[in-house]
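Below is structure17.cif, which holds mmCIF, C-alpha atoms.
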data_start
loop_
_atom_site.label_atom_id
_atom_site.label_comp_id
_atom_site.auth_asym_id
_atom_site.auth_seq_id
_atom_site.Cartn_x
_atom_site.Cartn_y
_atom_site.Cartn_z
CA MET A 5 20.65 -22.68 33.08
CA GLU A 6 19.27 -25.52 35.13
CA TYR A 7 15.70 -26.73 35.24
CA HIS A 8 13.65 -28.74 37.69
CA GLU A 9 12.85 -32.25 36.60
CA LEU A 10 9.52 -32.72 34.80
CA GLU A 11 6.74 -34.60 36.53
CA GLN A 12 5.80 -37.87 34.85
CA PRO A 13 2.14 -38.86 34.27
CA ASP A 14 2.29 -41.71 36.78
CA ASN A 15 3.51 -39.44 39.55
CA LEU A 16 0.75 -36.85 39.18
CA SER A 17 -2.38 -37.03 41.29
CA LYS A 18 -5.80 -36.97 39.68
CA LYS A 19 -6.48 -33.57 41.23
CA GLU A 20 -3.34 -32.06 39.69
CA LYS A 21 -4.29 -33.36 36.27
CA GLU A 22 -7.79 -31.96 36.60
CA ASP A 23 -6.57 -28.59 37.83
CA ALA A 24 -4.23 -28.37 34.83
CA MET A 25 -7.06 -29.25 32.47
CA GLY A 26 -9.28 -26.70 34.19
CA ALA A 27 -6.86 -23.91 33.24
CA TYR A 28 -7.75 -24.41 29.57
CA LEU A 29 -11.41 -25.23 29.99
CA MET A 30 -12.02 -22.25 32.27
CA MET A 31 -11.04 -19.95 29.43
CA PHE A 32 -13.92 -21.14 27.31
CA ALA A 33 -16.46 -20.54 30.03
CA ALA A 34 -15.02 -17.09 30.71
CA MET A 35 -14.84 -16.35 27.00
CA GLY A 36 -18.51 -17.10 26.61
CA ALA A 37 -19.35 -14.85 29.54
CA GLY A 38 -17.15 -12.02 28.34
CA LEU A 39 -17.77 -12.12 24.61
CA PRO A 40 -18.59 -8.45 24.08
CA LEU A 41 -15.86 -7.41 26.51
CA PRO A 42 -12.77 -9.52 25.78
CA ILE A 43 -11.15 -8.34 29.01
CA ILE A 44 -13.28 -10.58 31.29
CA ASN A 45 -11.66 -13.86 30.27
CA LEU A 46 -8.26 -12.29 30.78
CA ILE A 47 -9.19 -11.40 34.37
CA ALA A 48 -10.42 -14.96 34.88
CA ALA A 49 -7.13 -16.31 33.54
CA VAL A 50 -5.10 -14.14 35.90
CA ILE A 51 -7.19 -15.19 38.91
CA TYR A 52 -6.89 -18.87 37.99
CA TYR A 53 -3.15 -18.54 37.61
CA PHE A 54 -2.70 -16.99 41.05
CA VAL A 55 -5.02 -19.50 42.69
CA GLN A 56 -2.82 -22.29 41.38
CA GLN A 57 0.41 -20.73 42.67
CA LYS A 58 0.70 -23.19 45.58
CA ASN A 59 0.02 -26.17 43.34
CA SER A 60 2.67 -28.28 41.64
CA ARG A 61 4.78 -26.98 38.76
CA PHE A 62 2.81 -29.11 36.32
CA VAL A 63 -0.39 -27.21 37.14
CA LYS A 64 1.43 -23.88 37.24
CA PHE A 65 2.90 -24.55 33.82
CA HIS A 66 -0.46 -25.28 32.25
CA SER A 67 -2.27 -22.35 33.83
CA MET A 68 0.55 -20.01 32.85
CA GLN A 69 0.55 -21.29 29.28
CA SER A 70 -3.20 -20.80 29.15
CA LEU A 71 -2.87 -17.26 30.53
CA PHE A 72 -0.02 -16.22 28.25
CA SER A 73 -1.60 -17.59 25.09
CA GLN A 74 -4.76 -15.78 26.14
CA LEU A 75 -2.99 -12.40 26.17
CA PRO A 76 -2.38 -11.84 22.44
CA THR A 77 -5.77 -13.33 21.57
CA THR A 78 -7.47 -10.88 23.90
CA LEU A 79 -5.45 -7.94 22.58
CA ILE A 80 -6.21 -8.82 18.97
CA ASN A 81 -9.91 -9.24 19.77
CA ALA A 82 -9.99 -5.94 21.64
CA GLY A 83 -8.29 -4.34 18.63
CA ALA A 84 -10.96 -5.77 16.34
CA LEU A 85 -13.71 -4.43 18.60
CA TYR A 86 -12.09 -0.99 18.80
CA TRP A 87 -11.56 -0.82 15.05
CA THR A 88 -15.14 -1.89 14.37
CA LEU A 89 -16.53 0.76 16.72
CA GLN A 90 -14.30 3.36 15.06
CA ILE A 91 -15.69 2.47 11.66
CA PHE A 92 -19.21 2.35 13.03
CA PHE A 93 -19.16 5.74 14.72
CA PHE A 94 -16.55 7.89 12.98
CA LYS A 95 -15.70 6.47 9.57
CA ASP A 96 -19.17 6.50 8.04
CA LEU A 97 -19.10 2.68 7.75
CA GLU A 98 -16.28 2.75 5.26
CA ILE A 99 -14.55 -0.63 5.38
CA SER A 100 -10.95 -0.79 4.30
CA ASP A 101 -8.99 -3.80 3.04
CA PRO A 102 -6.60 -3.83 6.04
CA TYR A 103 -9.66 -4.05 8.28
CA ILE A 104 -11.01 -7.10 6.43
CA GLY A 105 -7.53 -8.64 6.56
CA TYR A 106 -7.34 -7.95 10.28
CA LEU A 107 -10.72 -9.57 10.95
CA ILE A 108 -9.76 -12.70 9.01
CA MET A 109 -6.43 -12.83 10.85
CA ALA A 110 -8.24 -12.45 14.19
CA GLY A 111 -10.66 -15.21 13.19
CA ILE A 112 -7.81 -17.58 12.31
CA LEU A 113 -6.04 -16.71 15.55
CA ASN A 114 -9.15 -17.45 17.61
CA ILE A 115 -9.75 -20.76 15.86
CA LEU A 116 -6.12 -21.78 16.38
CA TYR A 117 -6.29 -20.71 20.02
CA PHE A 118 -9.44 -22.78 20.44
CA ILE A 119 -7.95 -25.90 18.84
CA PHE A 120 -4.69 -25.69 20.77
CA SER A 121 -6.52 -25.11 24.05
CA ILE A 122 -8.64 -28.22 23.53
CA ILE A 123 -5.55 -30.29 22.77
CA GLY A 124 -3.84 -28.74 25.80
CA ALA A 125 -6.78 -29.63 28.05
CA VAL A 126 -6.87 -33.24 26.83
CA LYS A 127 -3.12 -33.66 27.24
CA ALA A 128 -3.17 -32.05 30.69
CA ARG A 129 -5.93 -34.44 31.78
CA LYS A 130 -3.67 -37.33 30.79
CA GLY A 131 -0.81 -35.80 32.72
CA HIS A 132 1.23 -34.97 29.61
CA MET A 133 3.14 -31.80 28.95
CA TYR A 134 2.03 -29.88 25.85
CA TYR A 135 4.06 -27.01 24.47
CA PHE A 136 2.48 -24.31 22.33
CA LEU A 137 4.76 -22.57 19.87
CA PHE A 138 6.67 -19.86 21.78
CA PHE A 139 4.36 -19.94 24.83
CA GLY A 140 5.33 -23.53 25.67
CA LYS A 141 9.03 -22.74 25.85
CA LEU A 142 8.43 -19.43 27.60
CA CYS A 143 6.29 -20.98 30.33
CA TYR A 144 8.59 -23.97 30.76
CA HIS A 145 11.42 -21.53 31.25
CA GLN A 146 9.43 -19.46 33.75
CA VAL A 147 8.08 -22.35 35.80
CA TYR A 148 10.82 -24.94 35.74
CA LYS A 149 13.99 -22.89 35.91
CA ILE A 150 15.89 -23.28 39.18
CA THR A 151 16.26 -19.94 40.89
CA ASN A 152 18.64 -19.85 43.81
CA THR A 153 16.58 -17.32 45.71
CA SER A 154 17.02 -19.22 48.99
CA GLU A 155 20.74 -18.45 48.99
CA ASN A 156 20.41 -14.81 48.01
CA ASN A 157 17.74 -14.01 50.51
CA THR A 158 19.77 -14.91 53.56
CA VAL A 159 21.72 -11.80 54.44
CA ARG A 160 25.18 -12.49 55.64
CA ASN A 161 26.77 -9.83 57.78
CA GLN A 162 30.30 -8.93 56.82
CA PRO A 163 33.02 -7.31 58.92
CA PRO A 164 34.17 -3.79 57.82
CA MET A 165 36.71 -3.70 55.04
CA MET B 20 16.91 -21.54 25.73
CA SER B 21 15.89 -17.88 25.80
CA GLY B 22 17.27 -17.46 22.28
CA LYS B 23 14.89 -20.20 21.09
CA ILE B 24 11.96 -18.55 22.88
CA TRP B 25 12.45 -15.26 21.01
CA LYS B 26 12.94 -17.09 17.73
CA GLU B 27 9.58 -18.76 18.20
CA LEU B 28 7.99 -15.41 19.08
CA LEU B 29 9.32 -14.00 15.80
CA ILE B 30 7.94 -16.99 13.90
CA LEU B 31 4.54 -16.47 15.51
CA LEU B 32 4.51 -12.74 14.77
CA ALA B 33 5.62 -13.39 11.19
CA ILE B 34 2.87 -15.97 10.62
CA PHE B 35 0.08 -13.69 11.82
CA GLY B 36 1.59 -10.56 10.27
CA LEU B 37 1.73 -12.34 6.92
CA ILE B 38 -1.84 -13.58 7.30
CA TRP B 39 -2.97 -9.99 7.93
CA ILE B 40 -1.02 -8.59 4.98
CA ALA B 41 -2.06 -11.40 2.67
CA PHE B 42 -5.75 -10.93 3.41
CA SER B 43 -5.43 -7.14 3.16
CA TYR B 44 -4.06 -7.33 -0.35
CA TYR B 45 -6.29 -10.16 -1.48
CA ASN B 46 -8.65 -8.94 -4.17
CA TYR B 47 -12.12 -9.76 -2.90
CA GLU B 48 -13.71 -8.79 -6.22
CA ILE B 49 -16.50 -7.02 -4.46
CA ASP B 50 -18.65 -5.27 -7.03
CA ALA B 51 -17.46 -1.68 -6.84
CA ASN B 52 -21.00 -0.40 -7.14
CA PRO B 53 -23.59 -2.33 -5.16
CA PHE B 54 -26.31 -0.11 -6.62
CA ALA B 55 -25.91 -1.27 -10.20
CA ILE B 56 -29.22 -1.90 -11.96
CA LYS B 57 -30.12 -3.05 -15.43
CA ALA B 58 -30.05 -0.43 -18.16
CA GLU B 59 -33.67 -1.09 -19.20
CA THR B 60 -34.87 -0.70 -15.62
CA GLU B 61 -33.05 2.57 -15.31
CA GLN B 62 -34.45 3.74 -18.64
CA GLU B 63 -37.96 2.92 -17.50
CA MET B 64 -37.54 4.66 -14.16
CA ALA B 65 -35.99 7.71 -15.81
CA ASP B 66 -39.04 7.96 -18.04
CA PHE B 67 -41.33 7.86 -15.00
CA MET B 68 -39.35 10.55 -13.26
CA ASN B 69 -39.10 12.71 -16.34
CA GLU B 70 -42.82 12.50 -16.92
CA TYR B 71 -43.62 13.69 -13.42
CA MET B 72 -40.91 16.30 -13.53
CA LEU B 73 -42.55 17.83 -16.57
CA GLN B 74 -45.86 18.03 -14.75
CA ASP B 75 -44.36 20.22 -12.06
CA PHE B 76 -41.94 22.30 -14.08
CA GLU B 77 -42.04 24.04 -17.39
CA THR B 78 -39.15 23.20 -19.67
CA ILE B 79 -37.79 25.45 -22.37
CA ASN B 80 -37.22 23.98 -25.80
CA GLN B 81 -35.48 26.55 -27.92
CA ALA B 82 -33.34 25.43 -30.81
CA PRO B 83 -30.56 28.03 -30.24
CA LEU B 84 -30.30 27.19 -26.55
CA ASP B 85 -30.23 23.49 -27.33
CA SER B 86 -27.46 23.99 -29.84
CA VAL B 87 -25.43 25.94 -27.25
CA LEU B 88 -25.83 23.09 -24.78
CA GLY B 89 -24.98 20.68 -27.59
CA VAL B 90 -21.68 22.48 -28.22
CA ILE B 91 -20.75 22.23 -24.52
CA MET B 92 -21.80 18.59 -24.22
CA THR B 93 -19.90 17.60 -27.36
CA ARG B 94 -16.74 19.22 -25.98
CA LEU B 95 -17.15 17.32 -22.70
CA THR B 96 -18.25 13.93 -23.98
CA THR B 97 -15.53 13.72 -26.64
CA HIS B 98 -12.97 13.94 -23.84
CA MET B 99 -14.54 11.24 -21.67
CA ASP B 100 -13.06 7.74 -21.69
CA THR B 101 -16.43 6.03 -21.50
CA VAL B 102 -19.80 7.64 -21.97
CA SER B 103 -22.44 5.59 -20.17
CA TYR B 104 -25.50 7.53 -21.26
CA ASP B 105 -26.90 9.49 -24.12
CA TYR B 106 -27.08 12.71 -22.13
CA GLN B 107 -30.22 14.82 -22.33
CA ILE B 108 -30.09 18.36 -20.96
CA HIS B 109 -33.41 19.87 -19.93
CA VAL B 110 -33.69 23.57 -19.16
CA ILE B 111 -36.37 24.36 -16.60
CA ARG B 112 -37.91 27.80 -16.34
CA ASP B 113 -37.49 28.58 -12.66
CA SER B 114 -35.61 31.19 -10.67
CA GLN B 115 -33.93 28.55 -8.48
CA ILE B 116 -30.17 28.52 -8.81
CA ASN B 117 -29.89 24.79 -9.19
CA ALA B 118 -28.97 21.91 -11.43
CA PHE B 119 -29.44 18.22 -10.82
CA THR B 120 -29.00 14.84 -12.36
CA SER B 121 -31.73 12.28 -12.75
CA LEU B 122 -31.54 8.71 -13.98
CA ASN B 123 -30.37 7.56 -17.39
CA GLY B 124 -28.32 10.68 -18.15
CA ASN B 125 -31.11 13.23 -17.79
CA ILE B 126 -29.66 16.49 -16.49
CA TYR B 127 -31.87 19.39 -15.48
CA ILE B 128 -30.71 23.00 -15.31
CA PHE B 129 -32.81 25.87 -13.98
CA THR B 130 -32.81 29.17 -15.80
CA GLY B 131 -31.89 30.81 -12.48
CA LEU B 132 -28.54 29.05 -12.65
CA ILE B 133 -27.88 30.07 -16.25
CA GLU B 134 -28.55 33.70 -15.33
CA GLU B 135 -26.14 33.42 -12.44
CA LEU B 136 -23.28 31.97 -14.46
CA GLY B 137 -20.70 34.32 -15.95
CA SER B 138 -19.61 32.25 -18.93
CA ALA B 139 -20.28 29.17 -20.99
CA GLU B 140 -17.13 27.60 -19.53
CA GLU B 141 -18.63 27.82 -16.05
CA LEU B 142 -21.73 26.04 -17.28
CA ALA B 143 -19.42 23.40 -18.75
CA VAL B 144 -17.79 22.63 -15.39
CA ILE B 145 -21.20 22.50 -13.67
CA LEU B 146 -22.38 20.07 -16.34
CA ALA B 147 -19.17 18.08 -15.90
CA HIS B 148 -20.00 17.84 -12.20
CA GLU B 149 -23.52 16.57 -12.95
CA ILE B 150 -22.16 14.13 -15.53
CA GLY B 151 -19.87 12.90 -12.76
CA HIS B 152 -22.90 12.08 -10.62
CA ALA B 153 -24.51 10.24 -13.52
CA GLU B 154 -21.40 8.30 -14.58
CA GLN B 155 -20.73 7.18 -11.02
CA LYS B 156 -24.37 6.12 -10.50
CA HIS B 157 -24.88 8.41 -7.52
CA VAL B 158 -28.55 8.99 -8.30
CA ILE B 159 -29.38 5.31 -8.13
CA GLU B 160 -27.42 5.11 -4.90
CA LYS B 161 -29.34 8.05 -3.47
CA ILE B 162 -32.74 6.62 -4.37
CA ALA B 163 -31.77 3.21 -3.08
CA LYS B 164 -30.58 4.69 0.19
CA THR B 165 -33.58 6.97 0.66
CA ILE B 166 -36.51 4.74 -0.14
CA GLY B 167 -35.11 1.54 -1.57
CA MET B 168 -35.02 0.49 -5.19
CA GLU B 169 -37.82 -2.05 -4.96
CA ALA B 170 -40.10 0.43 -3.26
CA PHE B 171 -39.33 3.06 -5.84
CA PHE B 172 -40.04 0.77 -8.74
CA SER B 173 -43.25 -0.60 -7.28
CA ILE B 174 -44.52 2.91 -6.65
CA ALA B 175 -43.42 3.96 -10.10
CA THR B 176 -45.17 1.10 -11.85
CA GLY B 177 -48.18 1.41 -9.57
CA GLY B 178 -48.48 4.89 -10.97
CA ASP B 179 -49.76 6.82 -7.97
CA ALA B 180 -49.36 10.25 -9.52
CA VAL B 181 -49.28 12.34 -6.35
CA LEU B 182 -46.87 10.06 -4.53
CA MET B 183 -44.68 9.80 -7.57
CA SER B 184 -44.53 13.55 -7.93
CA GLU B 185 -43.58 13.96 -4.28
CA LEU B 186 -40.89 11.32 -4.60
CA THR B 187 -39.48 13.01 -7.66
CA LYS B 188 -39.27 16.27 -5.74
CA LEU B 189 -37.62 14.43 -2.88
CA GLY B 190 -35.11 13.05 -5.34
CA ILE B 191 -34.26 16.57 -6.46
CA SER B 192 -34.12 18.22 -3.10
CA THR B 193 -32.19 15.72 -1.03
CA ALA B 194 -28.46 16.07 -1.14
CA PHE B 195 -25.91 13.52 -2.19
CA ASP B 196 -23.57 12.61 0.56
CA ARG B 197 -20.32 14.42 0.89
CA LYS B 198 -18.31 11.51 -0.48
CA ASN B 199 -20.34 11.50 -3.69
CA GLU B 200 -20.09 15.27 -4.07
CA GLU B 201 -16.34 15.07 -3.76
CA ALA B 202 -16.21 12.22 -6.26
CA ALA B 203 -18.28 14.28 -8.72
CA ASP B 204 -16.01 17.29 -8.14
CA ASP B 205 -12.95 15.20 -8.86
CA PHE B 206 -14.59 13.89 -12.00
CA ALA B 207 -15.54 17.43 -13.10
CA LEU B 208 -12.06 18.86 -12.48
CA GLU B 209 -10.41 16.01 -14.36
CA LEU B 210 -12.86 16.21 -17.25
CA ALA B 211 -12.54 20.01 -17.46
CA LYS B 212 -8.78 19.70 -17.67
CA LYS B 213 -9.04 17.12 -20.43
CA SER B 214 -11.57 19.24 -22.30
CA LYS B 215 -9.30 22.30 -22.10
CA ILE B 216 -11.60 24.25 -19.83
CA ASN B 217 -10.04 25.90 -16.79
CA PRO B 218 -10.98 23.60 -13.87
CA ARG B 219 -10.67 26.44 -11.38
CA ARG B 220 -13.87 27.91 -12.70
CA LEU B 221 -15.69 25.40 -10.50
CA GLY B 222 -14.05 26.81 -7.38
CA GLN B 223 -14.69 30.37 -8.54
CA PHE B 224 -18.34 29.56 -9.02
CA PHE B 225 -18.54 27.98 -5.56
CA ILE B 226 -16.97 31.03 -3.97
CA ARG B 227 -19.41 33.34 -5.73
CA LEU B 228 -22.35 31.21 -4.62
CA LYS B 229 -21.12 31.09 -1.06
CA ARG B 230 -20.76 34.86 -0.98
CA LYS B 231 -24.22 35.27 -2.38
CA ASN B 232 -25.58 32.76 0.11
CA SER B 233 -24.23 34.77 3.01
CA THR B 234 -26.27 37.74 1.85
CA ALA B 235 -29.36 35.71 2.75
CA LEU B 236 -30.87 34.82 -0.56
CA ASP B 237 -33.07 31.83 -0.10
CA ASP B 238 -33.31 30.66 -3.69
CA LEU B 239 -29.86 29.11 -3.67
CA GLU B 240 -31.09 25.56 -3.99
CA PHE B 241 -27.73 24.58 -5.42
CA ILE B 242 -26.12 25.02 -2.02
CA ARG B 243 -28.81 23.05 -0.26
CA THR B 244 -28.59 20.12 -2.63
CA HIS B 245 -24.86 20.41 -3.20
CA PRO B 246 -23.52 21.13 0.29
CA LEU B 247 -20.45 23.29 0.00
CA ASP B 248 -17.77 23.16 2.59
CA SER B 249 -14.48 24.97 2.58
CA ASP B 250 -12.57 21.79 1.72
CA ARG B 251 -14.43 21.42 -1.54
CA ILE B 252 -14.02 25.07 -2.46
CA GLN B 253 -10.34 24.93 -1.56
CA LYS B 254 -9.78 21.79 -3.60
CA SER B 255 -11.47 23.03 -6.74
CA SER B 256 -10.03 26.54 -6.63
CA ASP B 257 -6.51 25.27 -5.99
CA TYR B 258 -6.65 22.52 -8.61
CA LYS B 259 -3.22 22.21 -10.20
CA THR B 260 -2.97 22.37 -13.94
CA PRO B 261 0.25 21.87 -15.88
CA ASN B 262 2.06 25.08 -16.84
CA SER B 263 1.38 24.41 -20.49
CA PHE B 264 -2.37 24.35 -19.82
CA LYS B 265 -4.25 26.89 -21.86
CA GLU B 266 -8.00 27.21 -21.89
CA LYS B 267 -9.59 26.67 -25.27
CA PRO B 268 -12.64 28.94 -25.15
CA LEU B 269 -16.01 27.56 -26.18
CA ASN B 270 -17.26 29.33 -29.21
CA ILE B 271 -20.36 30.71 -27.49
CA ASP B 272 -21.60 34.26 -27.06
CA TRP B 273 -22.72 33.97 -23.45
CA ASP B 274 -24.55 37.32 -23.28
CA GLN B 275 -26.67 36.24 -26.18
CA VAL B 276 -27.49 32.96 -24.45
CA GLN B 277 -28.65 34.78 -21.35
CA GLN B 278 -30.85 37.06 -23.45
CA MET B 279 -32.45 33.98 -25.01
CA LEU B 280 -33.94 33.08 -21.63
CA PRO B 281 -37.54 34.10 -21.25
#
Can you turn what I pasted into structure tokens?
Amino acid sequence: MEYHELEQPDNLSKKEKEDAMGAYLMMFAAMGAGLPLPIINLIAAVIYYFVQQKNSRFVKFHSMQSLFSQLPTTLINAGALYWTLQIFFFKDLEISDPYIGYLIMAGILNILYFIFSIIGAVKARKGHMYYFLFFGKLCYHQVYKITNTSENNTVRNQPPM
Amino acid sequence: MSGKIWKELLILLAIFGLIWIAFSYYNYEIDANPFAIKAETEQEMADFMNEYMLQDFETINQAPLDSVLGVIMTRLTTHMDTVSYDYQIHVIRDSQINAFTSLNGNIYIFTGLIEELGSAEELAVILAHEIGHAEQKHVIEKIAKTIGMEAFFSIATGGDAVLMSELTKLGISTAFDRKNEEAADDFALELAKKSKINPRRLGQFFIRLKRKNSTALDDLEFIRTHPLDSDRIQKSSDYKTPNSFKEKPLNIDWDQVQQMLP
């Protein structure tokens, strides 16, 4: 499979670098706003991603990486909220060991997400690529792969067989 | 490329899955009973409660009755792994069908209950149930949840007689929660089996009480303070005993015991 060439820091405009950085920083603002409802920052991430569609691949890569890494974090947090409410309303406040384990895991995940997002924002501001585990490769593949859509889309009429 | 992507996804899932499992199985060493108090404190509080209990109720002290209860308690306590208290059984002259546990191993039985019971073995499983509450510190938990330990102790030491008496009554009449009742049932069934008393007698007694309750008798305090639901009855009446299990009868003439009651 072929990939587009990566942009180099010197070739990127200041606006592109700042847009890429914004993808990570926006998450924190949205996270703060949506704390009780973890879904709000996900919506913000989706909007940001689609707004940046016309921008360069560098910006698209960073906003996609931010969006994708947001997904599991949001799901895990929503799971924690759901589980807590379950215990609060139906389980007579009985806390099980898997629940404690889950909360600690969710805490670690959030801290890691936070740290990696900060690093991502700093790197993006400098015009560097930064690949998260799994998400980095996935987004690189999605954004930079060369699709030959232009050839497929043009319909060529054929004579009858 | 896509092969690498999925490999990294697996790594990520494995890391967080392992974190979850590791922290689920980690032993947090949380004190199993957050309501534990010092033995002396409990002793002191039990004395307060007992004192006020005796003001409101008349207890029966008859040597033959005490020796009957002694026989039952000896059978039960010798089959317990650990005995936390020196159990004191008080018989209260009252028509209520009720029994309850207080602090420091004080157990109170109403004469109404003794009249209702069909055999000494039934009394043994009821006592085993109350011992279960005491051994598992349910009374302390109940007091702590209702009014708070500190509050209780300050009122107790302050010695406001009327308030204390009311609180003691509250302690008798409020129910344990369902979880504690089930724990005490489990304890009673297990202990009855070990003491060679048919554990199903507990279920039989519950069924009899329930039937009596439906005929609208309002002195069935036992049901109010020991909420019975079909799960509990089911569990205790269906309790499995090994085929070799044979009840070893208590050497008590139950009719004579009932005649002893004033």
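When the PyMOL selection byres ((chain A) within 6 of (chain B)) is evaluated on the file shown here, the picked residues come out as Asp101, Pro102, Gly105, Tyr106, Met109, Phe138, Lys141 and Leu142 of chain A.
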Write a file of the selected residues as an mmCIF file, in the coordinates of the input, keeping C-alpha atoms.
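Resulting contents of part_19.cif:
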data_model
loop_
_atom_site.group_PDB
_atom_site.id
_atom_site.type_symbol
_atom_site.label_atom_id
_atom_site.label_comp_id
_atom_site.auth_asym_id
_atom_site.auth_seq_id
_atom_site.Cartn_x
_atom_site.Cartn_y
_atom_site.Cartn_z
ATOM 1 C CA ASP A 101 -8.990 -3.800 3.040
ATOM 2 C CA PRO A 102 -6.600 -3.830 6.040
ATOM 3 C CA GLY A 105 -7.530 -8.640 6.560
ATOM 4 C CA TYR A 106 -7.340 -7.950 10.280
ATOM 5 C CA MET A 109 -6.430 -12.830 10.850
ATOM 6 C CA PHE A 138 6.670 -19.860 21.780
ATOM 7 C CA LYS A 141 9.030 -22.740 25.850
ATOM 8 C CA LEU A 142 8.430 -19.430 27.600
#
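Closest approach to Leu116 (chain A) among A:Thr77, A:Gln57, A:Asn45, A:Gln12 is made by A:Thr77 (distances from all atoms listed in the file).
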Self-check item: Non-local contacts of region 118-124 of chain B (9 Å; all atoms listed in the file; under 4 positions in same chain excluded) as a ChimeraX atom specification
Solution: /B:58,61-66,68-69,103-108,128-129,132,145-146,149-150,152-154,156,158-159,190-191,240-241,244
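Here the question is which of A:Tyr117, A:Tyr103, A:Phe62, A:Phe54 gets nearest to Phe139 (chain A) using all atoms listed in the file, and that residue is A:Tyr117.
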Exercise. Quick one: everything within 8 Å of Ile150 (chain A), counting all atoms listed in the file, minus sequence neighbours fewer than 2 positions away in the same chain. Send it as number ranges by chain.
Key: A: 5-8, 148, 152
Could you tell me, as an mmCIF file with C-alpha atoms, keeping the file's coordinate frame, exactly which residues end up selected when the PyMOL selection byres ((chain B and resi 99) around 10) is applied to this structure?
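As written to disk, result_17.cif reads:
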data_model
loop_
_atom_site.group_PDB
_atom_site.id
_atom_site.type_symbol
_atom_site.label_atom_id
_atom_site.label_comp_id
_atom_site.auth_asym_id
_atom_site.auth_seq_id
_atom_site.Cartn_x
_atom_site.Cartn_y
_atom_site.Cartn_z
ATOM 1 C CA ARG B 94 -16.740 19.220 -25.980
ATOM 2 C CA LEU B 95 -17.150 17.320 -22.700
ATOM 3 C CA THR B 96 -18.250 13.930 -23.980
ATOM 4 C CA THR B 97 -15.530 13.720 -26.640
ATOM 5 C CA HIS B 98 -12.970 13.940 -23.840
ATOM 6 C CA ASP B 100 -13.060 7.740 -21.690
ATOM 7 C CA THR B 101 -16.430 6.030 -21.500
ATOM 8 C CA VAL B 102 -19.800 7.640 -21.970
ATOM 9 C CA SER B 103 -22.440 5.590 -20.170
ATOM 10 C CA GLU B 209 -10.410 16.010 -14.360
ATOM 11 C CA LEU B 210 -12.860 16.210 -17.250
ATOM 12 C CA ALA B 211 -12.540 20.010 -17.460
ATOM 13 C CA LYS B 213 -9.040 17.120 -20.430
ATOM 14 C CA SER B 214 -11.570 19.240 -22.300
#
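Counting from CA of Ser249 (chain B), the distance to CA of Phe206 (chain B) is 18.3 Å.
Comparing A:Arg129, A:Lys58, A:Phe136, A:Ile104 by their smallest distance to Ser73 (chain A), the closest is A:Phe136 (using all atoms listed in the file).
Here CA of Met72 (chain B) is placed at a distance of 24.0 Å from CA of Val144 (chain B).
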Practice problem: Could you expand the PyMOL selection byres ((chain B and resi 111-114) around 6) into the explicit residues it covers here, written as a ChimeraX atom specification? | Solution: /B:77-78,110,115,128-131
Quiz item: Between A:Asn161, A:Ala110, A:Ala125, A:Ala49, which one has atoms that come closest to Ala82 (chain A), using all atoms listed in the file?
Solution: A:Ala110
Quiz item: Near Leu29 (chain A), within 10 Å and counting all atoms listed in the file, which residues show up once chain neighbours fewer than 6 positions away are dropped, as JSON, numbers by chain?
Solution: {"A": [23, 35, 70, 121, 122, 124, 125, 126]}
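Rounded to one decimal, CA of Leu84 (chain B) and CA of Leu221 (chain B) lie 21.8 Å from each other.
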Quiz item: Met68 (chain A): which residues within 12 Å, counting all atoms listed in the file, same-chain residues fewer than 2 positions away excluded, as an NGL selection string?
Solution: :A and (24-28 or 46 or 49-57 or 61-66 or 70-75 or 135-136 or 139-148)
